[in-house]
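Chemist: Input run-v7.cif, format and content: mmCIF, C-alpha atoms.
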```
data_run
#
loop_
_atom_site.label_atom_id
_atom_site.label_comp_id
_atom_site.auth_asym_id
_atom_site.auth_seq_id
_atom_site.Cartn_x
_atom_site.Cartn_y
_atom_site.Cartn_z
CA MET J 212 15.99 -1.42 5.69
CA LYS J 213 14.48 0.67 8.51
CA PRO J 214 13.14 4.14 7.64
CA ALA J 215 15.31 7.17 8.46
CA THR J 216 12.60 8.60 10.71
CA PHE J 217 10.34 6.73 13.13
CA THR J 218 7.03 8.39 14.02
CA THR J 219 4.48 7.04 16.47
CA LYS J 220 1.74 8.16 18.85
CA VAL J 221 2.45 8.29 22.58
CA ASP J 222 -0.01 8.55 25.45
CA ILE J 223 0.48 12.10 26.77
CA ASN J 224 0.16 10.72 30.31
CA LEU J 225 3.52 9.02 29.72
CA ALA J 226 5.26 12.27 28.76
CA GLU J 227 6.75 12.87 32.22
CA LYS J 228 8.09 9.31 32.47
CA LEU J 229 9.57 9.57 28.99
CA LYS J 230 11.13 12.93 29.80
CA LYS J 231 12.68 11.68 33.06
CA ASP J 232 13.96 8.48 31.44
CA LEU J 233 15.63 10.44 28.65
CA GLU J 234 17.26 12.81 31.14
CA ASP J 235 18.56 9.77 33.04
CA GLN J 236 19.94 8.41 29.75
CA GLY J 237 21.96 11.59 29.20
CA PHE J 238 19.75 13.41 26.70
CA ASP J 239 19.81 17.23 26.59
CA LEU J 240 16.25 18.60 26.65
CA THR J 241 14.80 21.78 25.17
CA ILE J 242 11.21 22.93 24.55
CA PRO J 243 10.78 24.23 20.97
CA THR J 244 7.43 25.63 19.80
CA TYR J 245 4.58 23.08 19.54
CA THR J 246 6.53 20.45 21.49
CA ILE J 247 6.38 19.03 24.98
CA PHE J 248 10.12 18.57 24.66
CA SER J 249 12.96 17.83 22.28
CA ALA J 250 15.68 15.47 23.53
CA ARG J 251 19.06 15.08 21.89
CA LYS J 252 22.28 13.20 22.40
CA LYS J 253 24.94 11.85 20.05
CA GLY J 254 23.36 9.77 17.30
CA ILE J 255 19.72 10.27 18.26
CA THR J 256 17.02 12.94 18.54
CA CYS J 257 13.53 12.51 20.05
CA VAL J 258 10.81 15.13 19.70
CA LEU J 259 7.48 14.75 21.49
CA TYR J 260 4.83 17.09 20.08
CA LYS J 261 1.79 18.39 21.97
CA SER J 262 -0.37 16.30 19.62
CA GLY J 263 1.21 13.15 21.08
CA SER J 264 3.33 12.43 18.02
CA LEU J 265 6.83 11.22 18.85
CA VAL J 266 9.51 11.53 16.17
CA VAL J 267 12.80 9.64 16.55
CA GLN J 268 15.77 10.20 14.23
CA GLY J 269 19.48 9.47 14.11
CA LYS J 270 21.89 6.63 13.38
CA ASN J 271 21.39 5.09 16.85
CA LYS J 272 17.59 5.19 16.80
CA ASP J 273 17.06 1.46 16.10
CA GLU J 274 18.75 0.33 19.32
CA PHE J 275 16.92 3.03 21.30
CA ILE J 276 13.54 1.93 19.90
CA GLU J 277 14.20 -1.80 20.35
CA PHE J 278 15.61 -1.76 23.88
CA TYR J 279 13.84 1.20 25.46
CA LEU J 280 10.98 2.84 23.58
CA GLU J 281 9.01 -0.26 22.56
CA PRO J 282 9.27 -2.28 25.81
CA GLU J 283 9.04 0.67 28.23
CA ILE J 284 6.71 3.19 26.54
CA LEU J 285 4.89 1.79 23.50
CA LYS J 286 4.43 -1.79 24.77
CA THR J 287 4.41 -2.98 21.15
CA PHE J 288 7.10 -4.33 18.87
CA THR J 289 5.85 -3.47 15.40
CA TYR J 290 9.02 -1.55 14.49
CA THR J 291 11.64 -4.15 15.39
CA ASN J 292 9.36 -7.08 14.52
CA PRO J 293 6.63 -5.93 12.09
CA GLU J 294 5.39 -9.49 11.60
CA ALA J 295 4.45 -9.82 15.28
CA PHE J 296 1.09 -8.06 14.91
CA ILE J 297 0.25 -9.15 11.37
CA SER J 298 -1.77 -12.31 10.90
CA MET J 299 -0.01 -14.97 8.83
CA THR J 300 -3.31 -16.58 7.85
CA SER J 301 -3.70 -17.04 4.09
CA ARG J 302 -6.21 -14.52 2.80
CA ILE J 303 -7.42 -12.35 -0.06
CA GLY J 304 -7.24 -8.56 0.25
CA VAL J 305 -9.41 -6.24 -1.84
CA ASP J 306 -9.40 -2.47 -2.41
CA GLU J 307 -10.49 0.04 -5.05
CA ALA J 308 -9.21 3.11 -6.85
CA GLY J 309 -10.77 5.78 -9.04
CA LYS J 310 -14.09 6.26 -7.26
CA GLY J 311 -13.26 9.89 -6.46
CA ASP J 312 -11.81 10.68 -9.88
CA PHE J 313 -14.07 12.23 -12.52
CA PHE J 314 -12.04 10.92 -15.44
CA GLY J 315 -10.92 7.34 -15.85
CA PRO J 316 -12.10 3.90 -14.78
CA LEU J 317 -13.17 2.50 -11.44
CA CYS J 318 -10.73 -0.27 -10.55
CA VAL J 319 -10.85 -3.00 -7.93
CA GLY J 320 -7.73 -4.99 -7.09
CA ALA J 321 -7.61 -8.31 -5.26
CA LEU J 322 -4.47 -10.10 -4.07
CA TYR J 323 -4.00 -13.50 -2.45
CA ALA J 324 -1.10 -14.29 -0.13
CA ASP J 325 -0.18 -17.22 2.10
CA GLU J 326 2.31 -16.96 4.99
CA LYS J 327 5.30 -16.88 2.65
CA GLY J 328 3.62 -14.23 0.51
CA ILE J 329 2.69 -12.10 3.53
CA LYS J 330 6.33 -12.08 4.65
CA LYS J 331 7.35 -11.04 1.14
CA LEU J 332 4.86 -8.15 1.24
CA ILE J 333 6.31 -7.05 4.58
CA SER J 334 9.87 -7.27 3.23
CA LEU J 335 8.82 -5.12 0.26
CA ASN J 336 7.40 -2.54 2.70
CA ILE J 337 4.07 -2.65 0.88
CA ARG J 338 1.81 0.13 2.14
CA ASP J 339 -1.33 2.05 1.21
CA SER J 340 -1.18 3.25 -2.40
CA LYS J 341 -2.17 6.79 -1.38
CA LYS J 342 1.27 7.15 0.22
CA ILE J 343 3.21 6.11 -2.91
CA SER J 344 4.08 8.10 -6.04
CA ASP J 345 2.44 7.15 -9.34
CA LYS J 346 5.75 5.99 -10.83
CA SER J 347 6.47 3.74 -7.86
CA ILE J 348 2.90 2.41 -7.94
CA LEU J 349 3.37 1.10 -11.48
CA ASN J 350 6.75 -0.47 -10.66
CA ILE J 351 5.50 -2.16 -7.49
CA ALA J 352 2.35 -3.39 -9.25
CA ASP J 353 4.55 -5.18 -11.80
CA ILE J 354 6.39 -6.94 -8.96
CA LEU J 355 3.10 -7.99 -7.34
CA LYS J 356 1.71 -9.28 -10.63
CA SER J 357 4.74 -11.51 -11.14
CA SER J 358 4.82 -12.79 -7.54
CA PHE J 359 1.20 -13.25 -6.46
CA GLN J 360 -2.16 -14.50 -7.66
CA ILE J 361 -4.22 -11.41 -8.36
CA THR J 362 -7.34 -10.05 -10.04
CA VAL J 363 -7.89 -6.51 -11.28
CA ILE J 364 -11.36 -5.38 -12.39
CA ARG J 365 -11.36 -2.24 -14.54
CA ILE J 366 -14.72 -0.63 -15.23
CA PHE J 367 -14.26 2.05 -17.87
CA PRO J 368 -16.61 5.06 -17.89
CA GLU J 369 -19.03 3.85 -20.56
CA LYS J 370 -19.68 0.63 -18.63
CA TYR J 371 -19.47 2.43 -15.28
CA ASN J 372 -22.16 4.95 -16.26
CA ALA J 373 -24.48 2.17 -17.42
CA LEU J 374 -23.96 0.30 -14.14
CA TYR J 375 -24.57 3.46 -12.13
CA LEU J 376 -27.92 3.90 -13.88
CA LYS J 377 -28.72 0.30 -12.97
CA PHE J 378 -27.66 0.45 -9.31
CA LYS J 379 -28.50 4.15 -8.77
CA ASN J 380 -26.02 4.15 -5.91
CA LEU J 381 -22.22 4.23 -5.84
CA ASN J 382 -21.89 1.92 -2.84
CA SER J 383 -24.03 -0.74 -4.51
CA LEU J 384 -21.88 -0.48 -7.63
CA LEU J 385 -18.72 -0.76 -5.52
CA ALA J 386 -20.12 -3.79 -3.72
CA TRP J 387 -20.86 -5.46 -7.07
CA ALA J 388 -17.32 -4.75 -8.31
CA HIS J 389 -15.68 -5.95 -5.08
CA THR J 390 -17.74 -9.13 -5.14
CA ARG J 391 -16.79 -9.82 -8.73
CA ALA J 392 -13.08 -9.48 -7.89
CA ILE J 393 -13.50 -11.67 -4.82
CA GLN J 394 -15.30 -14.36 -6.81
CA GLU J 395 -12.57 -14.48 -9.47
CA LEU J 396 -9.75 -14.84 -6.94
CA VAL J 397 -11.63 -17.33 -4.75
CA GLU J 398 -12.07 -19.50 -7.83
CA LYS J 399 -8.35 -19.20 -8.66
CA THR J 400 -7.05 -19.90 -5.14
CA ASN J 401 -9.84 -21.68 -3.25
CA CYS J 402 -9.08 -19.30 -0.36
CA ARG J 403 -12.18 -18.41 1.68
CA ASN J 404 -10.71 -15.70 3.92
CA VAL J 405 -11.30 -12.20 2.53
CA ILE J 406 -10.58 -8.76 3.96
CA ILE J 407 -11.69 -5.50 2.36
CA ASP J 408 -11.46 -1.82 3.21
CA GLN J 409 -14.94 -0.97 4.52
CA PHE J 410 -16.55 1.75 2.38
CA ALA J 411 -20.22 1.45 3.38
CA ASN J 412 -22.60 -0.25 5.78
CA LYS J 413 -21.38 -3.84 6.08
CA ALA J 414 -24.76 -5.13 4.92
CA VAL J 415 -24.19 -3.64 1.44
CA VAL J 416 -21.25 -5.92 0.61
CA GLU J 417 -22.63 -8.84 2.61
CA GLY J 418 -25.77 -8.69 0.48
CA ALA J 419 -23.75 -8.64 -2.75
CA VAL J 420 -21.71 -11.63 -1.56
CA LYS J 421 -24.87 -13.52 -0.65
CA ARG J 422 -26.44 -12.85 -4.04
CA LYS J 423 -23.32 -14.31 -5.68
CA GLY J 424 -23.62 -17.38 -3.48
CA LEU J 425 -20.04 -17.03 -2.24
CA ASP J 426 -19.08 -19.19 0.73
CA ILE J 427 -16.42 -16.99 2.32
CA HIS J 428 -15.37 -15.48 5.63
CA LEU J 429 -15.57 -11.75 4.93
CA GLU J 430 -13.94 -9.15 7.15
CA GLN J 431 -14.76 -5.50 6.48
CA ARG J 432 -12.46 -3.11 8.28
CA THR J 433 -11.88 0.64 8.23
CA LYS J 434 -8.26 1.46 7.38
CA ALA J 435 -7.85 -2.11 6.14
CA GLU J 436 -5.03 -0.87 3.90
CA GLU J 437 -2.84 -1.17 7.01
CA ASP J 438 -2.98 -4.91 6.28
CA PRO J 439 -0.17 -5.64 3.78
CA ILE J 440 -2.44 -7.78 1.60
CA VAL J 441 -5.06 -5.04 1.29
CA ALA J 442 -2.25 -2.53 0.73
CA GLY J 443 -1.04 -4.73 -2.13
CA ALA J 444 -4.56 -4.83 -3.55
CA SER J 445 -4.78 -1.03 -3.30
CA ILE J 446 -1.56 -0.74 -5.33
CA LEU J 447 -2.92 -3.06 -8.02
CA ALA J 448 -6.16 -1.07 -8.18
CA ARG J 449 -4.32 2.24 -8.35
CA ALA J 450 -2.01 0.98 -11.09
CA GLY J 451 -5.04 -0.23 -13.05
CA PHE J 452 -6.65 3.19 -12.70
CA LEU J 453 -3.50 5.07 -13.77
CA LYS J 454 -3.04 2.87 -16.83
CA GLY J 455 -6.72 3.21 -17.73
CA LEU J 456 -6.55 7.00 -17.43
CA GLU J 457 -3.48 7.02 -19.67
CA GLU J 458 -5.22 4.82 -22.26
CA LEU J 459 -8.18 7.21 -22.43
CA SER J 460 -5.83 10.20 -22.63
CA LYS J 461 -4.08 8.67 -25.64
CA GLU J 462 -7.34 7.65 -27.32
CA TYR J 463 -8.68 11.21 -27.20
CA ASP J 464 -5.33 12.98 -27.53
CA GLN J 465 -6.08 14.87 -24.33
CA LYS J 466 -4.26 14.56 -21.02
CA LEU J 467 -6.99 13.66 -18.52
CA PRO J 468 -6.16 14.64 -14.93
CA LYS J 469 -6.91 12.80 -11.70
CA GLY J 470 -9.38 14.03 -9.09
CA ALA J 471 -12.38 16.33 -9.45
CA SER J 472 -10.85 19.78 -8.92
CA ALA J 473 -11.03 23.06 -10.83
CA ILE J 474 -8.28 21.79 -13.14
CA VAL J 475 -10.49 18.82 -14.01
CA ILE J 476 -13.35 21.18 -14.87
CA ASP J 477 -11.05 23.23 -17.10
CA ILE J 478 -9.86 20.13 -18.98
CA GLY J 479 -13.46 18.91 -19.17
CA GLN J 480 -14.46 22.14 -20.88
CA LYS J 481 -11.68 21.74 -23.45
CA PHE J 482 -12.68 18.11 -23.98
CA VAL J 483 -16.32 19.02 -24.62
CA ASN J 484 -15.28 21.77 -27.02
CA ARG J 485 -13.33 19.23 -29.07
CA HIS J 486 -15.51 16.12 -28.80
CA GLY J 487 -18.97 17.28 -27.70
CA PRO J 488 -20.78 16.69 -24.39
CA GLU J 489 -21.90 13.17 -25.36
CA ALA J 490 -18.27 12.02 -25.43
CA LEU J 491 -17.97 12.63 -21.67
CA GLU J 492 -19.87 9.35 -21.19
CA LYS J 493 -16.82 7.53 -22.58
CA VAL J 494 -14.16 9.14 -20.40
CA ALA J 495 -15.86 10.33 -17.21
CA LYS J 496 -18.19 9.35 -14.38
CA VAL J 497 -21.06 11.57 -15.39
CA HIS J 498 -23.04 11.42 -12.13
CA PHE J 499 -20.35 13.66 -10.58
CA LYS J 500 -21.34 17.29 -10.04
CA THR J 501 -18.20 18.04 -12.02
CA LYS J 502 -20.17 17.27 -15.18
CA GLU J 503 -22.77 19.92 -14.31
CA ALA J 504 -20.00 22.48 -13.80
CA ILE J 505 -18.51 21.62 -17.19
CA ILE J 506 -21.81 21.73 -19.07
CA ASN J 507 -22.99 24.90 -17.32
CA SER J 508 -19.77 26.64 -18.29
CA GLN J 509 -20.53 25.82 -21.93
CA ILE J 510 -24.01 27.33 -21.63
CA ASN J 511 -22.88 30.36 -19.60
CA PRO J 512 -19.30 31.05 -20.68
#
```
Render the structure in this file as structure tokens.
Modeler:
Amino acid sequence: MKPATFTTKVDINLAEKLKKDLEDQGFDLTIPTYTIFSARKKGITCVLYKSGSLVVQGKNKDEFIEFYLEPEILKTFTYTNPEAFISMTSRIGVDEAGKGDFFGPLCVGALYADEKGIKKLISLNIRDSKKISDKSILNIADILKSSFQITVIRIFPEKYNALYLKFKNLNSLLAWAHTRAIQELVEKTNCRNVIIDQFANKAVVEGAVKRKGLDIHLEQRTKAEEDPIVAGASILARAGFLKGLEELSKEYDQKLPKGASAIVIDIGQKFVNRHGPEALEKVAKVHFKTKEAIINSQINP
């Protein structure tokens, strides 16, 4: 099912052509605030913003996009044929979750898909986990686990803190965790094509892969979660993080929040009051400055 609203970026230099074409097609044009124009006719509305964002809505939008907008303006066909610009090569996608959260584990998810699996991911509209609600994340992760070969590495705080002391660098720790997930899934699938969301200098992960002796073709790409396989891996990682955070919350009878905000500091203070500062090692990533804020608040209430 197509989304109710289609949003894309348009070259501003094409604004006049687009405007004239829409007038020729019988659209009524107005110029609301922040727009270059808004065009409307029965069953469809197009709004081109000064930022270059074009928003198309209405029951007749699909035909408009397929037969005019994509061939004449966008010169791509990713809306009517999303598979056209997605590689069908079998590959492993890898992504992480929890690295920016004070409480809870660091999780790395890896997912393998062949051509059939990639088409299934597209049909499921799998996308970056940051754009999906927590409840949906858990439901989708269950579907992925039952349909694909996967690996999820969960590094809970006690282990995480020990590894951080060893590596003395978050990117090195992340590279180690990614490589471990890659190794497990390569051994399961014998697939040598791997794509990950680039989080550091490419040499960091390449070095970790080399030390493991892995014979793979590794692609590191910014915004790799746009690839459906990496998006699937990001969902698995996020689900692993959410479940891990919930497990720790139950163990200590304290709801542990996501992130590293003022709310997290407040909960951290309550946690330390109940369990002592040493217990933070078991639930939190203690190299965060959040820990200093929590401890300092205990010293200087």
Chemist: Find, counting all atoms listed in the file, the residue in J:Leu429, J:Ala444, J:Gly315, J:Ala471 that gets nearest to Glu457 in chain J.
Modeler: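 Counting all atoms listed in the file, the residue closest to Glu457 in chain J is J:Gly315.
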Chemist: Report, as AutoDock Vina command-line options, the axis-aligned box around all atoms of range 228-242 of chain J present in the file, extended by 4 Å on each side; give centre and edge lengths in Å to one decimal place.
Modeler:
```
--center_x 15.0 --center_y 15.7 --center_z 28.8 --size_x 21.9 --size_y 22.5 --size_z 16.5
```
Chemist: Where does the PyMOL selection byres ((chain J and resi 362-369) around 8) land in this file, that is, which residues does it pick, as a VMD selection string?
Modeler: chain J and resid 314 to 322 360 to 361 370 to 373 388 391 to 392 395 to 396 447 to 448 451 to 452 455 492 to 496
Chemist: Using all atoms listed in the file, which residue out of J:Ile284, J:Ala442, J:Ile329, J:Val221 lies closest to Leu259 in chain J?
Modeler: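 Comparing J:Ile284, J:Ala442, J:Ile329, J:Val221 against Leu259 in chain J, the winner is J:Val221.
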Chemist: Mind checking which residues fall within 9 Å of range 222-225 of chain J, counting only C-alpha atoms, ignoring those fewer than 5 positions away in the same chain, and posting them as a ChimeraX atom specification?
Modeler: /J:230,261-263,284-285
Chemist: Using all atoms listed in the file for the distances, tell me which of J:Asp477, J:Asp438, J:Glu462, J:Asp306 is nearest to Ile393 in chain J.
Modeler: J:Asp306
Chemist: If you measure from CA of Asn350 in chain J to CA of Thr216 in chain J, what distance in Å do you get, rounded to one decimal?
Modeler: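 Spanning CA of Asn350 in chain J to CA of Thr216 in chain J is a straight-line distance of 23.9 Å.
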Chemist: Evaluate the PyMOL selection byres ((chain J and resi 482) around 10) and record the selected residues as a compact mmCIF listing (two decimals) with C-alpha atoms, keeping the file's coordinate frame, following the chain and residue labels used in the document.
Modeler:
```txt
# COMPACT_ATOMS: atom_id res chain seq x y z
CA TYR J 463 -8.68 11.21 -27.20
CA ASP J 464 -5.33 12.98 -27.53
CA GLN J 465 -6.08 14.87 -24.33
CA LYS J 466 -4.26 14.56 -21.02
CA LEU J 467 -6.99 13.66 -18.52
CA ILE J 476 -13.35 21.18 -14.87
CA ASP J 477 -11.05 23.23 -17.10
CA ILE J 478 -9.86 20.13 -18.98
CA GLY J 479 -13.46 18.91 -19.17
CA GLN J 480 -14.46 22.14 -20.88
CA LYS J 481 -11.68 21.74 -23.45
CA VAL J 483 -16.32 19.02 -24.62
CA ASN J 484 -15.28 21.77 -27.02
CA ARG J 485 -13.33 19.23 -29.07
CA HIS J 486 -15.51 16.12 -28.80
CA GLY J 487 -18.97 17.28 -27.70
CA PRO J 488 -20.78 16.69 -24.39
CA ALA J 490 -18.27 12.02 -25.43
CA LEU J 491 -17.97 12.63 -21.67
CA VAL J 494 -14.16 9.14 -20.40
CA ILE J 505 -18.51 21.62 -17.19
```
Chemist: Given the point (7.9, -6.1, 3.2) in the coordinates of this file, which residues lie within 12 Å, counting only C-alpha atoms, and how would they look as a ChimeraX atom specification?
Modeler: /J:212-213,292-294,297,327-338,351,355,438-440,442-443
Chemist: Between CA of Glu307 in chain J and CA of Lys423 in chain J, what distance in Å does the model show, to one decimal?
Modeler: 19.3 Å
Chemist: Please indicate the distance in Å from CA of Glu274 in chain J to CA of Phe217 in chain J, rounded to one decimal place.
Modeler: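 Taking CA of Glu274 in chain J and CA of Phe217 in chain J, their separation equals 12.2 Å.
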Chemist: On this structure, the PyMOL selection byres ((chain J and resi 385) around 9) would catch which residues? List them as a list in words, sorted by chain and number.
Modeler: Glu307, Lys310, Leu317, Val319, Asn380, Leu381, Asn382, Ser383, Leu384, Ala386, Trp387, Ala388, His389, Thr390, Phe410 and Val416 of chain J
